file work_22.cif (mmCIF, C-alpha atoms; chains and numbers go by the auth columns)
data_work
loop_
_atom_site.group_PDB
_atom_site.id
_atom_site.type_symbol
_atom_site.label_atom_id
_atom_site.label_comp_id
_atom_site.label_asym_id
_atom_site.label_seq_id
_atom_site.Cartn_x
_atom_site.Cartn_y
_atom_site.Cartn_z
_atom_site.B_iso_or_equiv
_atom_site.auth_seq_id
_atom_site.auth_asym_id
ATOM 1 C CA MET A 1 176.246 -48.356 219.935 0.00 1205 A
ATOM 2 C CA ALA A 2 174.994 -45.006 221.201 0.00 1206 A
ATOM 3 C CA GLU A 3 172.410 -46.105 223.725 0.00 1207 A
ATOM 4 C CA SER A 4 173.261 -46.495 227.379 0.00 1208 A
ATOM 5 C CA LYS A 5 172.488 -49.663 229.232 0.00 1209 A
ATOM 6 C CA ALA A 6 169.086 -49.591 230.865 0.00 1210 A
ATOM 7 C CA PRO A 7 168.762 -51.035 234.349 0.00 1211 A
ATOM 8 C CA GLN A 8 167.211 -54.456 234.534 0.00 1212 A
ATOM 9 C CA SER A 9 164.011 -54.778 236.534 0.00 1213 A
ATOM 10 C CA THR A 10 162.521 -58.071 237.652 0.00 1214 A
ATOM 11 C CA THR A 11 159.038 -58.736 239.020 0.00 1215 A
ATOM 12 C CA THR A 12 157.242 -61.924 239.912 0.00 1216 A
ATOM 13 C CA MET A 13 154.590 -63.057 237.449 0.00 1217 A
ATOM 14 C CA GLY A 14 151.354 -64.808 238.321 0.00 1218 A
ATOM 15 C CA GLY A 15 152.241 -67.776 236.143 0.00 1219 A
ATOM 16 C CA GLY A 16 155.097 -68.852 238.373 0.00 1220 A
ATOM 17 C CA GLY A 17 157.882 -67.008 236.564 0.00 1221 A
ATOM 18 C CA SER A 18 159.741 -63.715 236.553 0.00 1222 A
ATOM 19 C CA TYR A 19 159.933 -60.954 233.978 0.00 1223 A
ATOM 20 C CA SER A 20 162.776 -58.609 233.081 0.00 1224 A
ATOM 21 C CA VAL A 21 163.593 -56.063 230.390 0.00 1225 A
ATOM 22 C CA LYS A 22 166.985 -55.498 228.795 0.00 1226 A
ATOM 23 C CA GLY A 23 168.286 -53.035 226.250 0.00 1227 A
ATOM 24 C CA GLY A 24 166.193 -49.929 226.947 0.00 1228 A
ATOM 25 C CA ALA A 25 163.184 -48.617 225.080 0.00 1229 A
ATOM 26 C CA ASN A 26 165.024 -46.028 223.023 0.00 1230 A
ATOM 27 C CA GLY A 27 167.592 -48.234 221.401 0.00 1231 A
ATOM 28 C CA GLY A 28 166.862 -47.165 217.832 0.00 1232 A
ATOM 29 C CA SER A 29 168.182 -49.275 214.997 0.00 1233 A
ATOM 30 C CA GLY A 30 171.823 -49.320 216.171 0.00 1234 A
ATOM 31 C CA ASN A 31 174.777 -50.249 213.994 0.00 1235 A
ATOM 32 C CA GLY A 32 175.130 -53.623 215.658 0.00 1236 A
ATOM 33 C CA GLY A 33 171.428 -54.503 215.835 0.00 1237 A
ATOM 34 C CA VAL A 34 170.479 -57.702 214.058 0.00 1238 A
ATOM 35 C CA THR A 35 167.259 -56.385 212.502 0.00 1239 A
ATOM 36 C CA ALA A 36 167.816 -56.628 208.743 0.00 1240 A
ATOM 37 C CA SER A 37 165.167 -59.330 208.280 0.00 1241 A
ATOM 38 C CA SER A 38 162.050 -60.072 210.257 0.00 1242 A
ATOM 39 C CA LEU A 39 162.607 -60.931 213.900 0.00 1243 A
ATOM 40 C CA ALA A 40 160.664 -64.155 213.490 0.00 1244 A
ATOM 41 C CA ALA A 41 163.142 -65.298 210.845 0.00 1245 A
ATOM 42 C CA THR A 42 166.216 -64.064 212.693 0.00 1246 A
ATOM 43 C CA TYR A 43 165.141 -65.478 216.046 0.00 1247 A
ATOM 44 C CA PRO A 44 163.046 -68.596 215.360 0.00 1248 A
ATOM 45 C CA VAL A 45 160.682 -69.656 218.129 0.00 1249 A
ATOM 46 C CA ASN A 46 161.814 -72.687 220.183 0.00 1250 A
ATOM 47 C CA THR A 47 165.481 -72.042 219.391 0.00 1251 A
ATOM 48 C CA LEU A 48 168.093 -71.948 222.122 0.00 1252 A
ATOM 49 C CA MET A 49 170.203 -68.843 221.568 0.00 1253 A
ATOM 50 C CA GLU A 50 172.964 -66.852 223.190 0.00 1254 A
ATOM 51 C CA LEU A 51 172.757 -63.102 222.603 0.00 1255 A
ATOM 52 C CA LYS A 52 175.464 -60.509 223.144 0.00 1256 A
ATOM 53 C CA LEU A 53 174.110 -57.129 224.188 0.00 1257 A
ATOM 54 C CA ALA A 54 175.436 -53.580 223.900 0.00 1258 A
ATOM 55 C CA PRO A 55 177.065 -51.603 225.354 0.00 1259 A
ATOM 56 C CA ASN A 56 179.070 -53.829 227.703 0.00 1260 A
ATOM 57 C CA GLY A 57 178.952 -57.098 225.799 0.00 1261 A
ATOM 58 C CA ASP A 58 176.744 -58.866 228.342 0.00 1262 A
ATOM 59 C CA THR A 59 175.509 -62.263 227.213 0.00 1263 A
ATOM 60 C CA ILE A 60 172.175 -63.891 227.901 0.00 1264 A
ATOM 61 C CA ARG A 61 171.006 -67.391 227.058 0.00 1265 A
ATOM 62 C CA GLY A 62 167.524 -68.748 226.708 0.00 1266 A
ATOM 63 C CA LEU A 63 164.835 -70.301 224.558 0.00 1267 A
ATOM 64 C CA VAL A 64 163.216 -67.921 222.071 0.00 1268 A
ATOM 65 C CA TYR A 65 159.653 -67.730 223.357 0.00 1269 A
ATOM 66 C CA CYS A 66 158.334 -65.197 220.828 0.00 1270 A
ATOM 67 C CA THR A 67 159.200 -61.994 218.974 0.00 1271 A
ATOM 68 C CA ASP A 68 157.277 -58.790 218.367 0.00 1272 A
ATOM 69 C CA GLU A 69 157.898 -56.701 215.263 0.00 1273 A
ATOM 70 C CA ILE A 70 155.965 -53.665 216.532 0.00 1274 A
ATOM 71 C CA SER A 71 158.031 -53.171 219.687 0.00 1275 A
ATOM 72 C CA ASN A 72 161.150 -54.676 218.045 0.00 1276 A
ATOM 73 C CA SER A 73 161.456 -57.107 220.929 0.00 1277 A
ATOM 74 C CA ILE A 74 162.778 -60.617 221.477 0.00 1278 A
ATOM 75 C CA VAL A 75 161.395 -62.647 224.385 0.00 1279 A
ATOM 76 C CA LEU A 76 163.688 -65.279 225.892 0.00 1280 A
ATOM 77 C CA LYS A 77 162.520 -67.930 228.335 0.00 1281 A
ATOM 78 C CA LYS A 78 164.915 -69.552 230.768 0.00 1282 A
ATOM 79 C CA SER A 79 163.808 -72.513 232.849 0.00 1283 A
ATOM 80 C CA LEU A 80 164.637 -72.244 236.550 0.00 1284 A
ATOM 81 C CA VAL A 81 165.456 -75.072 238.932 0.00 1285 A
ATOM 82 C CA HIS A 82 165.678 -75.220 242.728 0.00 1286 A
ATOM 83 C CA THR A 83 163.265 -72.311 243.049 0.00 1287 A
ATOM 84 C CA THR A 84 159.541 -71.696 243.436 0.00 1288 A
ATOM 85 C CA LEU A 85 159.545 -69.932 240.054 0.00 1289 A
ATOM 86 C CA SER A 86 159.191 -72.133 236.996 0.00 1290 A
ATOM 87 C CA SER A 87 160.877 -69.813 234.509 0.00 1291 A
ATOM 88 C CA GLU A 88 162.428 -66.418 233.882 0.00 1292 A
ATOM 89 C CA ILE A 89 161.127 -64.313 230.993 0.00 1293 A
ATOM 90 C CA THR A 90 163.392 -61.602 229.552 0.00 1294 A
ATOM 91 C CA VAL A 91 162.292 -59.032 226.976 0.00 1295 A
ATOM 92 C CA ILE A 92 165.166 -57.711 224.872 0.00 1296 A
ATOM 93 C CA ASN A 93 165.245 -54.739 222.528 0.00 1297 A
ATOM 94 C CA ALA A 94 166.533 -56.231 219.266 0.00 1298 A
ATOM 95 C CA ALA A 95 168.482 -53.024 218.587 0.00 1299 A
ATOM 96 C CA SER A 96 170.715 -53.805 221.576 0.00 1300 A
ATOM 97 C CA VAL A 97 171.796 -57.174 220.150 0.00 1301 A
ATOM 98 C CA VAL A 98 175.323 -56.978 218.720 0.00 1302 A
ATOM 99 C CA GLY A 99 175.867 -60.699 218.296 0.00 1303 A
ATOM 100 C CA LYS A 100 173.912 -63.938 218.387 0.00 1304 A
ATOM 101 C CA LYS A 101 174.696 -67.620 218.405 0.00 1305 A
ATOM 102 C CA THR A 102 172.369 -70.572 218.000 0.00 1306 A
ATOM 103 C CA MET A 103 173.112 -73.260 220.550 0.00 1307 A
ATOM 104 C CA ASP A 104 173.317 -76.660 218.862 0.00 1308 A
ATOM 105 C CA VAL A 105 170.861 -79.135 220.371 0.00 1309 A
ATOM 106 C CA ASN A 106 171.588 -81.902 217.867 0.00 1310 A
ATOM 107 C CA LYS A 107 174.748 -83.140 219.537 0.00 1311 A
ATOM 108 C CA GLU A 108 174.883 -86.646 220.897 0.00 1312 A
ATOM 109 C CA GLU A 109 173.222 -87.015 224.314 0.00 1313 A
ATOM 110 C CA GLY A 110 175.739 -86.342 227.082 0.00 1314 A
ATOM 111 C CA GLY A 111 178.153 -84.654 224.701 0.00 1315 A
ATOM 112 C CA SER A 112 179.057 -81.006 224.273 0.00 1316 A
ATOM 113 C CA GLY A 113 176.137 -78.893 223.111 0.00 1317 A
ATOM 114 C CA ASP A 114 178.199 -75.960 221.849 0.00 1318 A
ATOM 115 C CA GLU A 115 181.781 -74.812 221.533 0.00 1319 A
ATOM 116 C CA GLU A 116 181.816 -73.455 225.082 0.00 1320 A
ATOM 117 C CA GLY A 117 181.094 -76.898 226.449 0.00 1321 A
ATOM 118 C CA SER A 118 177.421 -76.756 227.430 0.00 1322 A
ATOM 119 C CA SER A 119 176.308 -80.339 227.841 0.00 1323 A
ATOM 120 C CA SER A 120 173.001 -81.699 226.602 0.00 1324 A
ATOM 121 C CA ALA A 121 171.875 -81.886 230.224 0.00 1325 A
ATOM 122 C CA GLN A 122 172.589 -78.182 230.676 0.00 1326 A
ATOM 123 C CA LEU A 123 170.737 -77.316 227.493 0.00 1327 A
ATOM 124 C CA ARG A 124 167.727 -79.413 228.571 0.00 1328 A
ATOM 125 C CA GLU A 125 167.726 -77.616 231.888 0.00 1329 A
ATOM 126 C CA LEU A 126 167.944 -74.227 230.174 0.00 1330 A
ATOM 127 C CA ALA A 127 165.062 -75.042 227.818 0.00 1331 A
ATOM 128 C CA GLY A 128 163.003 -76.807 230.459 0.00 1332 A
ATOM 129 C CA VAL A 129 162.479 -79.973 228.417 0.00 1333 A
ATOM 130 C CA VAL A 130 163.075 -83.654 229.117 0.00 1334 A
ATOM 131 C CA ASN A 131 164.430 -84.365 225.644 0.00 1335 A
ATOM 132 C CA LEU A 132 166.035 -81.840 223.309 0.00 1336 A
ATOM 133 C CA ASP A 133 164.183 -83.466 220.400 0.00 1337 A
ATOM 134 C CA GLU A 134 161.081 -81.713 221.748 0.00 1338 A
ATOM 135 C CA LEU A 135 162.490 -78.445 220.421 0.00 1339 A
ATOM 136 C CA ASN A 136 162.391 -79.832 216.876 0.00 1340 A
ATOM 137 C CA LEU A 137 158.703 -80.698 217.007 0.00 1341 A
ATOM 138 C CA PRO A 138 156.444 -78.479 214.887 0.00 1342 A
ATOM 139 C CA LEU A 139 154.576 -75.768 216.750 0.00 1343 A
ATOM 140 C CA PRO A 140 150.855 -76.413 217.273 0.00 1344 A
ATOM 141 C CA HIS A 141 148.418 -74.777 214.896 0.00 1345 A
ATOM 142 C CA VAL A 142 147.080 -71.445 216.140 0.00 1346 A
ATOM 143 C CA SER A 143 143.652 -70.416 214.926 0.00 1347 A
ATOM 144 C CA ARG A 144 143.607 -66.721 214.057 0.00 1348 A
ATOM 145 C CA LYS A 145 139.818 -66.775 214.269 0.00 1349 A
ATOM 146 C CA ALA A 146 139.936 -68.206 217.807 0.00 1350 A
ATOM 147 C CA LEU A 147 142.494 -65.600 218.893 0.00 1351 A
ATOM 148 C CA GLU A 148 140.395 -62.770 217.492 0.00 1352 A
ATOM 149 C CA GLU A 149 137.340 -64.142 219.275 0.00 1353 A
ATOM 150 C CA ARG A 150 139.275 -64.268 222.563 0.00 1354 A
ATOM 151 C CA GLU A 151 140.376 -60.680 222.023 0.00 1355 A
ATOM 152 C CA ARG A 152 136.802 -59.534 221.320 0.00 1356 A
ATOM 153 C CA ARG A 153 135.571 -61.359 224.425 0.00 1357 A
ATOM 154 C CA ALA A 154 138.294 -59.782 226.582 0.00 1358 A
ATOM 155 C CA ILE A 155 137.402 -56.315 225.282 0.00 1359 A
ATOM 156 C CA ARG A 156 133.701 -56.963 225.866 0.00 1360 A
ATOM 157 C CA LEU A 157 134.318 -58.112 229.435 0.00 1361 A
ATOM 158 C CA ALA A 158 136.530 -55.085 230.096 0.00 1362 A
ATOM 159 C CA GLU A 159 133.847 -52.728 228.793 0.00 1363 A
ATOM 160 C CA GLU A 160 131.235 -54.457 230.935 0.00 1364 A
ATOM 161 C CA SER A 161 133.494 -54.134 233.945 0.00 1365 A
ATOM 162 C CA PHE A 162 133.883 -50.388 233.344 0.00 1366 A
ATOM 163 C CA SER A 163 130.106 -50.002 233.065 0.00 1367 A
ATOM 164 C CA HIS A 164 129.795 -51.363 236.613 0.00 1368 A
ATOM 165 C CA ILE A 165 131.687 -48.391 238.046 0.00 1369 A
ATOM 166 C CA ASN A 166 129.650 -45.272 238.829 0.00 1370 A
ATOM 167 C CA GLN A 167 131.818 -42.209 239.417 0.00 1371 A
ATOM 168 C CA ARG A 168 128.844 -40.311 240.878 0.00 1372 A
ATOM 169 C CA ALA A 169 127.996 -42.936 243.472 0.00 1373 A
ATOM 170 C CA SER A 170 129.441 -42.992 246.974 0.00 1374 A
ATOM 171 C CA PRO A 171 131.973 -45.664 247.947 0.00 1375 A
ATOM 172 C CA GLU A 172 129.244 -47.325 250.000 0.00 1376 A
ATOM 173 C CA GLY A 173 126.963 -47.338 246.959 0.00 1377 A
ATOM 174 C CA GLN A 174 129.649 -48.953 244.800 0.00 1378 A
ATOM 175 C CA LYS A 175 130.211 -51.557 247.495 0.00 1379 A
ATOM 176 C CA ILE A 176 126.482 -52.409 247.582 0.00 1380 A
ATOM 177 C CA PHE A 177 126.400 -52.581 243.762 0.00 1381 A
ATOM 178 C CA ASP A 178 129.323 -55.025 243.677 0.00 1382 A
ATOM 179 C CA LYS A 179 127.675 -57.266 246.284 0.00 1383 A
ATOM 180 C CA LEU A 180 124.378 -57.296 244.396 0.00 1384 A
ATOM 181 C CA LEU A 181 126.146 -57.980 241.096 0.00 1385 A
ATOM 182 C CA LYS A 182 127.793 -61.089 242.535 0.00 1386 A
ATOM 183 C CA ALA A 183 124.485 -62.358 243.923 0.00 1387 A
ATOM 184 C CA CYS A 184 122.006 -61.365 241.219 0.00 1388 A
ATOM 185 C CA ASN A 185 124.129 -60.857 238.067 0.00 1389 A
ATOM 186 C CA GLU A 186 121.569 -58.596 236.348 0.00 1390 A
ATOM 187 C CA VAL A 187 122.395 -55.307 238.054 0.00 1391 A
ATOM 188 C CA VAL A 188 122.852 -51.882 236.423 0.00 1392 A
ATOM 189 C CA TRP A 189 123.234 -48.270 237.423 0.00 1393 A
ATOM 190 C CA LYS A 190 120.508 -45.699 236.704 0.00 1394 A
ATOM 191 C CA GLY A 191 121.852 -42.371 237.819 0.00 1395 A
ATOM 192 C CA GLU A 192 122.865 -42.914 241.423 0.00 1396 A
ATOM 193 C CA SER A 193 120.283 -45.659 241.932 0.00 1397 A
ATOM 194 C CA ILE A 194 120.859 -49.370 241.493 0.00 1398 A
ATOM 195 C CA LEU A 195 118.430 -51.440 239.423 0.00 1399 A
ATOM 196 C CA VAL A 196 118.283 -55.144 240.253 0.00 1400 A
ATOM 197 C CA LEU A 197 116.634 -57.689 237.924 0.00 1401 A
ATOM 198 C CA LYS A 198 114.779 -54.796 236.224 0.00 1402 A
ATOM 199 C CA GLU A 199 112.262 -54.786 239.061 0.00 1403 A
ATOM 200 C CA ILE A 200 113.952 -53.487 242.214 0.00 1404 A
ATOM 201 C CA ARG A 201 115.576 -50.102 242.838 0.00 1405 A
ATOM 202 C CA VAL A 202 118.073 -49.329 245.586 0.00 1406 A
ATOM 203 C CA ASP A 203 118.383 -45.590 246.211 0.00 1407 A
ATOM 204 C CA PRO A 204 120.977 -43.640 248.199 0.00 1408 A
ATOM 205 C CA PRO A 205 122.062 -44.030 250.969 0.00 1409 A
ATOM 206 C CA TYR A 206 121.777 -47.693 249.918 0.00 1410 A
ATOM 207 C CA THR A 207 120.252 -49.308 253.009 0.00 1411 A
ATOM 208 C CA ALA A 208 117.626 -52.049 253.191 0.00 1412 A
ATOM 209 C CA ALA A 209 115.014 -49.358 253.826 0.00 1413 A
ATOM 210 C CA ASN A 210 115.887 -47.776 250.461 0.00 1414 A
ATOM 211 C CA CYS A 211 115.007 -50.907 248.475 0.00 1415 A
ATOM 212 C CA SER A 212 111.696 -50.825 246.620 0.00 1416 A
ATOM 213 C CA LEU A 213 109.830 -52.412 243.742 0.00 1417 A
ATOM 214 C CA ILE A 214 109.900 -50.379 240.544 0.00 1418 A
ATOM 215 C CA ASN A 215 106.197 -50.998 239.802 0.00 1419 A
ATOM 216 C CA ASN A 216 103.421 -50.794 242.349 0.00 1420 A
ATOM 217 C CA ALA A 217 102.327 -54.353 241.922 0.00 1421 A
ATOM 218 C CA SER A 218 103.173 -56.586 244.819 0.00 1422 A
ATOM 219 C CA GLY A 219 103.212 -60.281 245.607 0.00 1423 A
ATOM 220 C CA GLY A 220 104.701 -63.314 243.881 0.00 1424 A
ATOM 221 C CA LEU A 221 108.258 -63.438 242.679 0.00 1425 A
ATOM 222 C CA ASP A 222 108.749 -59.654 242.865 0.00 1426 A
ATOM 223 C CA GLU A 223 108.130 -59.616 246.617 0.00 1427 A
ATOM 224 C CA HIS A 224 110.395 -62.609 247.101 0.00 1428 A
ATOM 225 C CA SER A 225 113.175 -60.902 245.119 0.00 1429 A
ATOM 226 C CA LEU A 226 112.747 -57.710 247.123 0.00 1430 A
ATOM 227 C CA VAL A 227 113.171 -59.585 250.401 0.00 1431 A
ATOM 228 C CA ARG A 228 116.310 -61.245 249.056 0.00 1432 A
ATOM 229 C CA VAL A 229 117.800 -57.939 247.851 0.00 1433 A
ATOM 230 C CA LYS A 230 117.109 -56.313 251.212 0.00 1434 A
ATOM 231 C CA LYS A 231 118.952 -59.132 252.978 0.00 1435 A
ATOM 232 C CA ILE A 232 121.953 -58.740 250.674 0.00 1436 A
ATOM 233 C CA VAL A 233 122.027 -54.964 251.167 0.00 1437 A
ATOM 234 C CA GLN A 234 121.684 -55.284 254.918 0.00 1438 A
ATOM 235 C CA ALA A 235 124.498 -57.835 255.103 0.00 1439 A
ATOM 236 C CA ALA A 236 126.729 -55.624 252.921 0.00 1440 A
ATOM 237 C CA THR A 237 126.129 -52.524 255.048 0.00 1441 A
ATOM 238 C CA GLN A 238 127.024 -54.423 258.203 0.00 1442 A
ATOM 239 C CA SER A 239 130.207 -55.967 256.823 0.00 1443 A
#

call {"tool": "encode", "arguments": {"input": "work_22.cif", "output": "structure tokens"}}
result
Amino acid sequence: MAESKAPQSTTTMGGGGSYSVKGGANGGSGNGGVTASSLAATYPVNTLMELKLAPNGDTIRGLVYCTDEISNSIVLKKSLVHTTLSSEITVINAASVVGKKTMDVNKEEGGSGDEEGSSSAQLRELAGVVNLDELNLPLPHVSRKALEERERRAIRLAEESFSHINQRASPEGQKIFDKLLKACNEVVWKGESILVLKEIRVDPPYTAANCSLINNASGGLDEHSLVRVKKIVQAATQS
């Protein structure tokens, strides 16, 4: 196979695991790559597999966590013991795979799990399950509609987050905006001024003295809100 081996990098993930990449991003199709059919069919999810990788014949074992046709990637999950990390996630370029073997989990408990002598206990440890029969259970139903809704919500929240950043405002102004947003929720930028609850404006240089009601009417809830905003701004400027 023409590609050279890419260095493996590992970083800690927030979910209590680690992440690494093998095989390089420019692997191409490769003569030895096992990519004739779809990755999902070639590497079924929840299957314990041993993969042999080019160019040095390195082997890696793990539970197939998922595959991605677009990036031509296989994701293996390996359960970790005696460590603060729960699992190790490895992303493999399918073009770097020159051989694969499915590890048999249907052997009698306590017996040899494959021809190299991996016991059922070792396979359970590798997969992170109490009973190997768990790997034969059907995967839970995934609602495409629910996933699309989660994606739309994530995009909407990201766009809202970007709208809270004003490139023209000073760092102090952005700091005051963030504090007010946490306290009042309904806060937007208007030029370099901050509008709070559609009734109070905070102008540069963003001190309590620069807080004012948008309309000239005074009294009632508007005055109460103004006092509250001034206290928040004053506390933020002193922090």

call {"tool": "atom_distance", "arguments": {"input": "work_22.cif", "atom1": "CA of Leu1343 (chain A)", "atom2": "CA of Asn1250 (chain A)"}}
result
8.6 Å

call {"tool": "resolve_selection", "arguments": {"input": "work_22.cif", "expression": "the PyMOL selection byres ((chain A and resi 1400) around 12)", "output": "PyMOL selection string"}}
result
chain A and resi 1380-1394+1397-1399+1401-1407+1415-1418+1426+1429-1430+1432-1434+1436-1437

call {"tool": "atom_distance", "arguments": {"input": "work_22.cif", "atom1": "CA of Ala1244 (chain A)", "atom2": "CA of Thr1271 (chain A)"}}
result
6.1 Å

call {"tool": "atom_distance", "arguments": {"input": "work_22.cif", "atom1": "CA of Ile1264 (chain A)", "atom2": "CA of His1345 (chain A)"}}
result
29.2 Å

call {"tool": "resolve_selection", "arguments": {"input": "work_22.cif", "expression": "the PyMOL selection byres ((chain A and resi 1267) around 12)", "output": "short mmCIF file (atom, residue, chain, number, x, y, z; two decimals) with C-alpha atoms, in the coordinates of the input"}}
result
data_model
loop_
_atom_site.label_atom_id
_atom_site.label_comp_id
_atom_site.auth_asym_id
_atom_site.auth_seq_id
_atom_site.Cartn_x
_atom_site.Cartn_y
_atom_site.Cartn_z
CA TYR A 1247 165.14 -65.48 216.05
CA PRO A 1248 163.05 -68.60 215.36
CA VAL A 1249 160.68 -69.66 218.13
CA ASN A 1250 161.81 -72.69 220.18
CA THR A 1251 165.48 -72.04 219.39
CA LEU A 1252 168.09 -71.95 222.12
CA MET A 1253 170.20 -68.84 221.57
CA GLU A 1254 172.96 -66.85 223.19
CA LEU A 1255 172.76 -63.10 222.60
CA ILE A 1264 172.18 -63.89 227.90
CA ARG A 1265 171.01 -67.39 227.06
CA GLY A 1266 167.52 -68.75 226.71
CA VAL A 1268 163.22 -67.92 222.07
CA TYR A 1269 159.65 -67.73 223.36
CA CYS A 1270 158.33 -65.20 220.83
CA THR A 1271 159.20 -61.99 218.97
CA ILE A 1278 162.78 -60.62 221.48
CA VAL A 1279 161.40 -62.65 224.38
CA LEU A 1280 163.69 -65.28 225.89
CA LYS A 1281 162.52 -67.93 228.34
CA LYS A 1282 164.92 -69.55 230.77
CA SER A 1283 163.81 -72.51 232.85
CA SER A 1291 160.88 -69.81 234.51
CA GLU A 1292 162.43 -66.42 233.88
CA ILE A 1293 161.13 -64.31 230.99
CA THR A 1294 163.39 -61.60 229.55
CA VAL A 1295 162.29 -59.03 226.98
CA LYS A 1305 174.70 -67.62 218.40
CA THR A 1306 172.37 -70.57 218.00
CA MET A 1307 173.11 -73.26 220.55
CA VAL A 1309 170.86 -79.14 220.37
CA LEU A 1327 170.74 -77.32 227.49
CA ARG A 1328 167.73 -79.41 228.57
CA GLU A 1329 167.73 -77.62 231.89
CA LEU A 1330 167.94 -74.23 230.17
CA ALA A 1331 165.06 -75.04 227.82
CA GLY A 1332 163.00 -76.81 230.46
CA VAL A 1333 162.48 -79.97 228.42
CA LEU A 1336 166.04 -81.84 223.31
CA LEU A 1339 162.49 -78.44 220.42
#

call {"tool": "resolve_selection", "arguments": {"input": "work_22.cif", "expression": "the PyMOL selection byres ((chain A and resi 1277) around 6)", "output": "PDB file with C-alpha atoms, in the frame of the given file"}}
result
ATOM      1  CA  THR A1271     159.200 -61.994 218.974  1.00  0.00           C
ATOM      2  CA  ASP A1272     157.277 -58.790 218.367  1.00  0.00           C
ATOM      3  CA  SER A1275     158.031 -53.171 219.687  1.00  0.00           C
ATOM      4  CA  ASN A1276     161.150 -54.676 218.045  1.00  0.00           C
ATOM      5  CA  ILE A1278     162.778 -60.617 221.477  1.00  0.00           C
ATOM      6  CA  ILE A1296     165.166 -57.711 224.872  1.00  0.00           C
ATOM      7  CA  ASN A1297     165.245 -54.739 222.528  1.00  0.00           C
ATOM      8  CA  ALA A1298     166.533 -56.231 219.266  1.00  0.00           C
TER       9      ALA A1298
END

call {"tool": "decode", "arguments": {"input": "work_22.cif", "residues": "region 1363-1377 of chain A", "atoms": "N, CA and C atoms", "output": "CSV table (one decimal), in the first residue's frame"}}
result
chain,number,residue,atom,x,y,z
A,1363,GLU,N,-26.2,29.6,16.1
A,1363,GLU,CA,-26.5,30.9,15.5
A,1363,GLU,C,-26.8,32.0,16.5
A,1364,GLU,N,-27.6,31.6,17.5
A,1364,GLU,CA,-27.9,32.5,18.6
A,1364,GLU,C,-26.7,32.9,19.4
A,1365,SER,N,-25.8,32.0,19.6
A,1365,SER,CA,-24.6,32.3,20.3
A,1365,SER,C,-23.7,33.2,19.5
A,1366,PHE,N,-23.6,33.1,18.2
A,1366,PHE,CA,-22.8,34.0,17.4
A,1366,PHE,C,-23.4,35.4,17.4
A,1367,SER,N,-24.8,35.5,17.5
A,1367,SER,CA,-25.4,36.8,17.5
A,1367,SER,C,-25.1,37.6,18.8
A,1368,HIS,N,-24.6,36.9,19.8
A,1368,HIS,CA,-24.3,37.5,21.1
A,1368,HIS,C,-23.0,38.2,21.1
A,1369,ILE,N,-22.2,37.9,20.0
A,1369,ILE,CA,-20.8,38.5,19.9
A,1369,ILE,C,-20.8,39.7,19.0
A,1370,ASN,N,-20.4,40.8,19.6
A,1370,ASN,CA,-20.3,42.1,18.8
A,1370,ASN,C,-18.9,42.4,18.6
A,1371,GLN,N,-18.4,42.3,17.3
A,1371,GLN,CA,-17.0,42.6,17.0
A,1371,GLN,C,-16.7,44.0,17.2
A,1372,ARG,N,-17.7,44.9,17.1
A,1372,ARG,CA,-17.4,46.4,17.3
A,1372,ARG,C,-17.3,46.8,18.7
A,1373,ALA,N,-17.8,46.0,19.6
A,1373,ALA,CA,-17.8,46.4,21.0
A,1373,ALA,C,-16.4,46.1,21.7
A,1374,SER,N,-16.2,46.9,22.7
A,1374,SER,CA,-14.9,46.6,23.5
A,1374,SER,C,-15.0,45.4,24.3
A,1375,PRO,N,-13.9,44.8,24.7
A,1375,PRO,CA,-13.9,43.6,25.6
A,1375,PRO,C,-14.8,43.8,26.8
A,1376,GLU,N,-14.7,45.0,27.4
A,1376,GLU,CA,-15.5,45.3,28.6
A,1376,GLU,C,-17.0,45.3,28.2
A,1377,GLY,N,-17.3,45.8,27.1
A,1377,GLY,CA,-18.7,45.8,26.6
A,1377,GLY,C,-19.3,44.4,26.4
